[in-house]
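Q: Structure incoming, see below.
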Amino acid sequence: MRSVPVPFAAVWQNDRPLYGLLALALFVGFFYQLGAVPLFDLDEGAFSQATREMFLRGDFVSTYLNGQPRYDKPILSYWLQAASVTAFGVNEFAFRLPSALAATAWTLLVFLFVRRVGDARRALLAALSMASSLAVTVIGKAATADALLNLLLAASLLSLYLHLLEGRRVWLYASAAATGLGFLTKGPVALVIPAGVSLLYCLSRGEWRAWLRLAADWRAWAVFLLIAAPWYVVQYLREGGDFLQSFLLRHNLGRFQRPLEGHGGGWWYYILVLLVGVLPYTTVLLRVLARSRRLFADPLARYLLIWFGLVFVLFSLAATKLPHYLIYGYTGLFVLMAPELEKPGPIGWLLLPQLLFLGLLLILPGLVEIALPRVRDELVRTQLEGLAFAPAYYALLAAALALTLYFMRERRVPPACKIIASGLLLVFLVSNQVLPTVAAVLQQPVKDAGLLARQYERAPVMWGVNLPSFSVYSGRIAERREPCPGDLVLTRSARLPMLGVHELLYHRHGIALARLPPARGDDEAAIPAPAAATCSANAEVAP
């Protein structure tokens, strides 16, 4: 007796295959190629080097970067990186592993929440779309504090909603604990967002007294303070007022007053970030936003929309703008998008943003050639000239485009299956081709120079560049200062003539490692002007 084949649509209606697909999405989204490319500067290099210096100093309370106090972020993410390095050694995988685990926990937390307030299928679709979206997977593989913060923000806000829904204090205390850990991860933002969202939600429902009751719960504040306060107290006692002034005023309030490190943008900045960041689910998001007024009548949808709206407005008003800030509000969007994935609609329009983005990646080499004459920064121009797109890059992108076009015309495969498969394909391509191609030009020369500098006894210096990953790879503390006689100097290739007499040890894609000769009597006249102004007569002689 011949077996009758089961239609694919019928298989898709069974939830069991989705669990396997979720496991695949978690692997591809957060663990595939995790340690395959060098650390990116500035953020990954700064976090990793600050963690490494904790071991060098034997100090796991205060963070330093290249020998100077680093007050940018609190301690929790450094502790997790230190634990990972202890287990797996000093390498890219170990530095990024805490973020991958945090992103995995974040995704599973969303699954558990949606299953509790909805059903398993909607929970699976929400988790699958999160784990296969562009911005979430990028931040989930970055050796920074942001994946951890997103996990803790989600834990805090989802617990708060369950407390408001069910009235159980255990959820309030769970929220307070997550907020305390978030405060140890990135500071006041971990408290401001949950407090603001819950306040606006309660006000929108005329339940302001309920918010006052939860805000005045001394047990919740005790949980928060027991987790968050001890490190801040110890840090203040050790570092004094400089810590509070730099951390609170410059790195928190200062970000709203003026752009830090040149990270500014117009009012439209986060609109573009949003449309690209949720790829390939952009059109699904547009569907949700188009129905936001009707969705507002549902309590959960209202809470999630207020969550995203507050984050969007708050960081749009801030002077400092970075793409990953908007991810703090993404969790609610993926929960809202989950039921939209299985609603009927024109599949061609659904996958159009994916098609356009893949097409943009395919013609990227040509766009680089067009842009080169207009680039004034010599280092950036040299790096763009060095971009090498392998045949596999073109082949895989062309295949992805062809598959996307097929999905846009095919009618038998359910739309949700197509778009989730497209998401998995996109994050695979980014991890397998895009990031390695970019890293080969931006960061591989820094890594190579750092590994070469390990062979020399004298600690290197960075001159005219700020690339903290160089310190990680050199295994030293590389100060940023004017070079002295005998120094190993990492700098831009364009600055080499300003060094005067030197030995060129490494030179690639605009990055150079050079060695200055030691000063000996009459040779002091050969010391370049910057060094002559800052170096003492008894500078250490290089080996």
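Ordered as shown in the structure tokens, chains take letters A, B, and onward, while each chain numbers its residues from 1 and ligands are numbered from 1 in the order shown.
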Tell me, counting only C-alpha atoms, for each residue of region 211-239 of chain A within 9 Å of region 154-171 of chain A, which pair of atoms is nearest and how far apart they are in Å to one decimal, in rows ordered by chain and increasing number, as a tab-separated table.
A:
residue	atom	partner	partner_atom	distance
A:Trp211	CA	A:Leu164	CA	8.7
A:Leu214	CA	A:Arg169	CA	9.0
A:Ala220	CA	A:Arg169	CA	8.8
Q: Please identify all polymer residues within 10 Å of region 429-434 of chain A, counting only C-alpha atoms, omitting same-chain residues fewer than 5 positions from it, and present them as a ChimeraX atom specification.
A: /A:28-34,36-37,134,137-138,141,358,361,389-390,392-394,396-397,400,423-424,439
Q: Please produce an output containing C-alpha atoms for each residue in the selection, written as an mmCIF file, in the first residue's frame.
A:
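So the final result, stored in selection_25.cif, reads:
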data_model
loop_
_atom_site.group_PDB
_atom_site.id
_atom_site.type_symbol
_atom_site.label_atom_id
_atom_site.label_comp_id
_atom_site.auth_asym_id
_atom_site.auth_seq_id
_atom_site.Cartn_x
_atom_site.Cartn_y
_atom_site.Cartn_z
ATOM 1 C CA VAL A 28 22.671 30.215 13.468
ATOM 2 C CA GLY A 29 21.601 33.489 15.039
ATOM 3 C CA PHE A 30 23.861 33.517 18.095
ATOM 4 C CA PHE A 31 26.571 30.829 17.942
ATOM 5 C CA TYR A 32 27.468 30.197 14.303
ATOM 6 C CA GLN A 33 30.823 31.859 13.460
ATOM 7 C CA LEU A 34 30.879 33.351 16.965
ATOM 8 C CA ALA A 36 35.452 33.512 13.480
ATOM 9 C CA VAL A 37 36.251 37.204 13.032
ATOM 10 C CA LEU A 134 19.154 41.113 11.606
ATOM 11 C CA THR A 137 21.540 38.442 15.867
ATOM 12 C CA VAL A 138 24.228 41.076 15.354
ATOM 13 C CA LYS A 141 27.230 38.060 18.736
ATOM 14 C CA LEU A 358 20.073 41.286 -0.670
ATOM 15 C CA LEU A 361 24.587 43.604 -0.704
ATOM 16 C CA PHE A 389 34.691 40.176 -2.262
ATOM 17 C CA ALA A 390 35.313 36.459 -2.811
ATOM 18 C CA ALA A 392 31.509 32.777 -2.723
ATOM 19 C CA TYR A 393 30.125 36.195 -1.731
ATOM 20 C CA TYR A 394 28.566 36.719 -5.152
ATOM 21 C CA LEU A 396 25.698 32.897 -2.154
ATOM 22 C CA LEU A 397 23.997 36.272 -2.553
ATOM 23 C CA ALA A 400 19.702 33.938 -1.917
ATOM 24 C CA GLY A 423 15.488 35.293 8.142
ATOM 25 C CA LEU A 424 17.677 32.264 8.749
ATOM 26 C CA ALA A 439 36.505 42.354 9.367
#
Q: I need the strand (DSSP E) residues of region 55-85 of chain A per DSSP on the backbone, written as a count of residues only.
A: 4
Q: CA of Asp448 (chain A) to CA of Pro38 (chain A): how many Å, to one decimal?
A: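 These two atoms are separated by 9.8 Å.
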Q: Using DSSP on the backbone, list every residue of region 274-488 of chain A that comes out as alpha helix (DSSP H), and give them as a PyMOL selection string.
A: chain A and resi 274-277+282-290+292-295+299-317+330-337+347-350+352-362+364-371+378-386+391-409+415-429+435-442+444-453+469-474
Q: Can you tell me how far CA of Glu207 (chain A) sits from CA of Ser175 (chain A), in Å to one decimal?
A: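 Atom-to-atom, CA of Glu207 (chain A) to CA of Ser175 (chain A), that is 19.1 Å.
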Q: Which one is closest to Ile75 (chain A): A:Phe60, A:Tyr281, A:Phe224, A:Phe40? Count only C-alpha atoms.
A: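 For Ile75 (chain A), the nearest of the candidates is A:Phe60.
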Q: Could you check which of A:Ala388, A:Ala416, A:Val223, A:Leu42 is closest to Ser471 (chain A), using only C-alpha atoms?
A: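 Smallest separation from Ser471 (chain A) among the options: A:Leu42.
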Q: Just want the 10 Å neighbourhood of Gly45 (chain A), counted on only C-alpha atoms, with same-chain residues fewer than 5 positions away dropped. Output as an mmCIF file with C-alpha atoms, in the first residue's frame.
A:
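That gives us part04.cif:
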data_model
loop_
_atom_site.group_PDB
_atom_site.id
_atom_site.type_symbol
_atom_site.label_atom_id
_atom_site.label_comp_id
_atom_site.auth_asym_id
_atom_site.auth_seq_id
_atom_site.Cartn_x
_atom_site.Cartn_y
_atom_site.Cartn_z
ATOM 1 C CA PRO A 38 38.478 39.569 15.024
ATOM 2 C CA LEU A 39 37.023 41.854 17.675
ATOM 3 C CA PHE A 40 35.531 45.045 16.243
ATOM 4 C CA ALA A 50 38.992 46.134 30.036
ATOM 5 C CA THR A 51 38.128 42.551 31.006
ATOM 6 C CA LEU A 65 41.196 50.481 29.698
ATOM 7 C CA GLU A 92 37.042 36.057 20.415
ATOM 8 C CA PHE A 95 34.627 37.350 24.878
ATOM 9 C CA ALA A 143 31.245 41.306 22.949
ATOM 10 C CA THR A 144 29.408 44.204 24.595
ATOM 11 C CA ASN A 466 41.978 54.403 19.091
ATOM 12 C CA LEU A 467 41.874 50.631 18.533
ATOM 13 C CA PRO A 468 41.605 48.888 21.907
ATOM 14 C CA SER A 469 41.480 45.436 20.287
ATOM 15 C CA PHE A 470 45.185 45.965 19.494
ATOM 16 C CA SER A 471 45.873 45.809 23.221
ATOM 17 C CA VAL A 472 43.934 42.537 23.462
ATOM 18 C CA TYR A 473 45.948 40.907 20.684
#
Q: Just the number, please: distance in Å from CA of Ile306 (chain A) to CA of Val197 (chain A), one decimal.
A: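 Going from CA of Ile306 (chain A) over to CA of Val197 (chain A), I get 6.2 Å.
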Q: Find the spatial neighbours of Phe334 (chain A), counting only C-alpha atoms, within a cut-off of 9 Å - ignore same-chain residues fewer than 6 positions away - and output them as a list in words.
A: Val110, Leu125, Ala126, Ala127, Ser129, Met130, Val278 and Leu285 of chain A
Q: So, with only C-alpha atoms as the atoms that count, which of A:Pro194, A:Gln81, A:Tyr173, A:Leu184 lies closest to Trp221 (chain A)?
A: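 The answer is A:Tyr173, which sits nearest to Trp221 (chain A).
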Q: Applying 6 Å and only C-alpha atoms, which residues near region 493-502 of chain A remain after dropping the ones on its own chain fewer than 2 positions away? List them as a VMD selection string.
A: chain A and resid 510 to 512 515 to 516 528
Q: Name all residues at most 9 Å from Leu200 (chain A) (count only C-alpha atoms; drop same-chain ones fewer than 6 positions away) and give them as a ChimeraX atom specification.
A: /A:208,303,306,310
Q: Take the residues that were just selected and, keeping C-alpha atoms, output them as a PDB file, in the first residue's frame.
A:
ATOM      1  CA  TRP A 208      -2.308  55.378  38.474  1.00  0.00           C
ATOM      2  CA  TYR A 303       1.770  47.652  27.041  1.00  0.00           C
ATOM      3  CA  ILE A 306       4.053  51.851  24.910  1.00  0.00           C
ATOM      4  CA  LEU A 310       8.929  55.175  24.888  1.00  0.00           C
TER       5      LEU A 310
END
Q: So that I can check the surroundings of Ser62 (chain A), please list as a PyMOL selection string every protein, DNA and RNA residue that reaches within 9 Å of it, counting only C-alpha atoms and ignoring chain neighbours fewer than 5 positions away.
A: chain A and resi 54+69-71+74-75+235+238-239
